[in-house]
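What follows is a set of notes on a single structure, which appears directly below.
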Amino acid sequence: MQLSLINSVIAVAMIDEYKHKGARKKLVEELAAKGITDKTVLKAMLQVPRHYFFNKTFDAHAYVDKAFPIGEGQTISQPYTVAYQTQVLQVHKGEKVLEIGTGSGYQAAILIELGVKLYSIERHEKLYKKAKLLLGKMGYHPTLTCGDGTKGWPEMAPFDKIIVTAGAPVIPKALMSQLAVGGIMVIPVGNEATQKMVCIIKKDEKTFEKIVLKDFAFVPLIGEEGWDA
């Protein structure tokens, strides 16, 4: 009964009208004006209907460049943040990518539009189930699991790219070890209020280049190598 209700709600909400497409085009233009230059990222942002990840009641908020609550103390990230992280990640079609923090599934959809083979971990079971259902309805089929993202996914490693969508106190060693040589990890690192976006490039098994970028504010990364629940 509950599952069929969720299905019916998603079915009703998944209508991409001209007004949505127009609002999405304006949002992408805004992202470009804010410094997002990767055309493949902008194209992916234009392709994915962000309003599908919102309750229809809050439809008007879908194409505003702001984060928005999705329950369980989590948010769907600000579009600029999604575009920025994705641009820094420098993904290429066919790459194996690990996402830490599936959340609403929006970032996952953007990565899949870019042609990656996506593995994604979500700590909250309710969000995991909801994202899995919605992404499937949209025709996206990443490999998803529910668990502690700070531990990564050793059985599926190594990964060409790793993206972390929650603020970490430190860079988890497990994720460093699961990154392929030549791979890139993008992770916000700092305190529970604000973080610096950090780009890690794995030069060889023991050598990493660390590039510290802009300030952001993410929800905390909870887990064995993150913040306490």
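Letters A, B, ... mark the chains of the structure tokens in the order given; residue numbers begin at 1 per chain; ligand numbers begin at 1, in order shown.
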**segment 59-76 of chain A surroundings by only C-alpha atoms, 9 Å radius, close-in-sequence under 2 positions cut, as JSON, numbers by chain** = {"A": [20, 23, 24, 26, 27, 30, 31, 49, 50, 51, 52, 53, 54, 55, 56, 57, 78, 79, 80, 81, 103, 104, 105, 106, 107, 124, 126, 127, 218, 219]}
So that I can check the secondary structure, give me every residue of segment 119-166 of chain A assigned alpha helix (DSSP H) by backbone DSSP, as a PDB file with C-alpha atoms, in the first residue's frame.
ATOM      1  CA  GLU A 125      17.556   4.097   4.833  1.00  0.00           C
ATOM      2  CA  LYS A 126      14.469   6.227   4.043  1.00  0.00           C
ATOM      3  CA  LEU A 127      16.429   8.474   1.699  1.00  0.00           C
ATOM      4  CA  TYR A 128      18.195   5.473   0.148  1.00  0.00           C
ATOM      5  CA  LYS A 129      14.864   3.791  -0.683  1.00  0.00           C
ATOM      6  CA  LYS A 130      13.288   7.000  -1.950  1.00  0.00           C
ATOM      7  CA  ALA A 131      16.276   7.876  -4.168  1.00  0.00           C
ATOM      8  CA  LYS A 132      16.483   4.355  -5.561  1.00  0.00           C
ATOM      9  CA  LEU A 133      12.802   4.402  -6.488  1.00  0.00           C
ATOM     10  CA  LEU A 134      12.870   7.867  -8.032  1.00  0.00           C
ATOM     11  CA  LEU A 135      16.089   7.370 -10.002  1.00  0.00           C
ATOM     12  CA  GLY A 136      14.693   4.127 -11.398  1.00  0.00           C
ATOM     13  CA  LYS A 137      11.511   5.915 -12.477  1.00  0.00           C
TER      14      LYS A 137
END
Residues of segment 185-223 of chain A that have any atom at most 9 Å from an atom of segment 83-90 of chain A: could you tabulate them with the shortest-distance atom pair and the distance in Å to one decimal, using only C-alpha atoms, ordered by chain and increasing number, as CSV?
residue,atom,partner,partner_atom,distance
A:Met185,CA,A:Leu89,CA,6.8
A:Val186,CA,A:Leu89,CA,6.2
A:Ile187,CA,A:Gln85,CA,8.4
A:Met197,CA,A:Gln85,CA,8.2
A:Cys199,CA,A:Val88,CA,7.4
**Residues within 10 Å of Ile201 of chain A, only C-alpha atoms, excluding chain neighbours under 5 positions, as a list in words** =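 Answer for this query is Leu89, Lys161, Met176, Leu179, Ala180, Val181, Gly182, Gly183, Ile184, Met185, Val186, Thr207, Phe208, Glu209, Lys210 and Ile211 of chain A.
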**Item:** Counting only C-alpha atoms, the residue of A:His141, A:Lys151, A:Lys19, A:Lys96 that sits nearest Glu122 of chain A
**Value:**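 Nearest to Glu122 of chain A: A:Lys151.
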**Request:** Using only C-alpha atoms, determine which residues lie at most 8 Å from Asp148 of chain A, disregarding the query and same-chain residues fewer than 3 positions distant; provide the list as an MDAnalysis selection string.
**Result:** chainID A and resid 121:123 151:152 222:224
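With only C-alpha atoms as the atoms that count, the residue of A:Pro169, A:Gly35, A:Gly147, A:Pro154 with the shortest distance to Val198 of chain A is A:Pro169.
Distance-wise, atom CA of Leu42 of chain A and atom CA of Glu29 of chain A end up 8.6 Å apart.
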Within 10 Å of Met156 of chain A, counting only C-alpha atoms, which residues qualify if same-chain residues fewer than 5 places away don't, as an mmCIF file with C-alpha atoms, in the first residue's frame?
data_model
loop_
_atom_site.group_PDB
_atom_site.id
_atom_site.type_symbol
_atom_site.label_atom_id
_atom_site.label_comp_id
_atom_site.auth_asym_id
_atom_site.auth_seq_id
_atom_site.Cartn_x
_atom_site.Cartn_y
_atom_site.Cartn_z
ATOM 1 C CA LYS A 96 33.807 4.382 -12.299
ATOM 2 C CA LEU A 98 31.824 6.566 -6.034
ATOM 3 C CA TYR A 119 28.189 3.633 -7.161
ATOM 4 C CA GLN A 178 39.969 3.206 -2.697
#
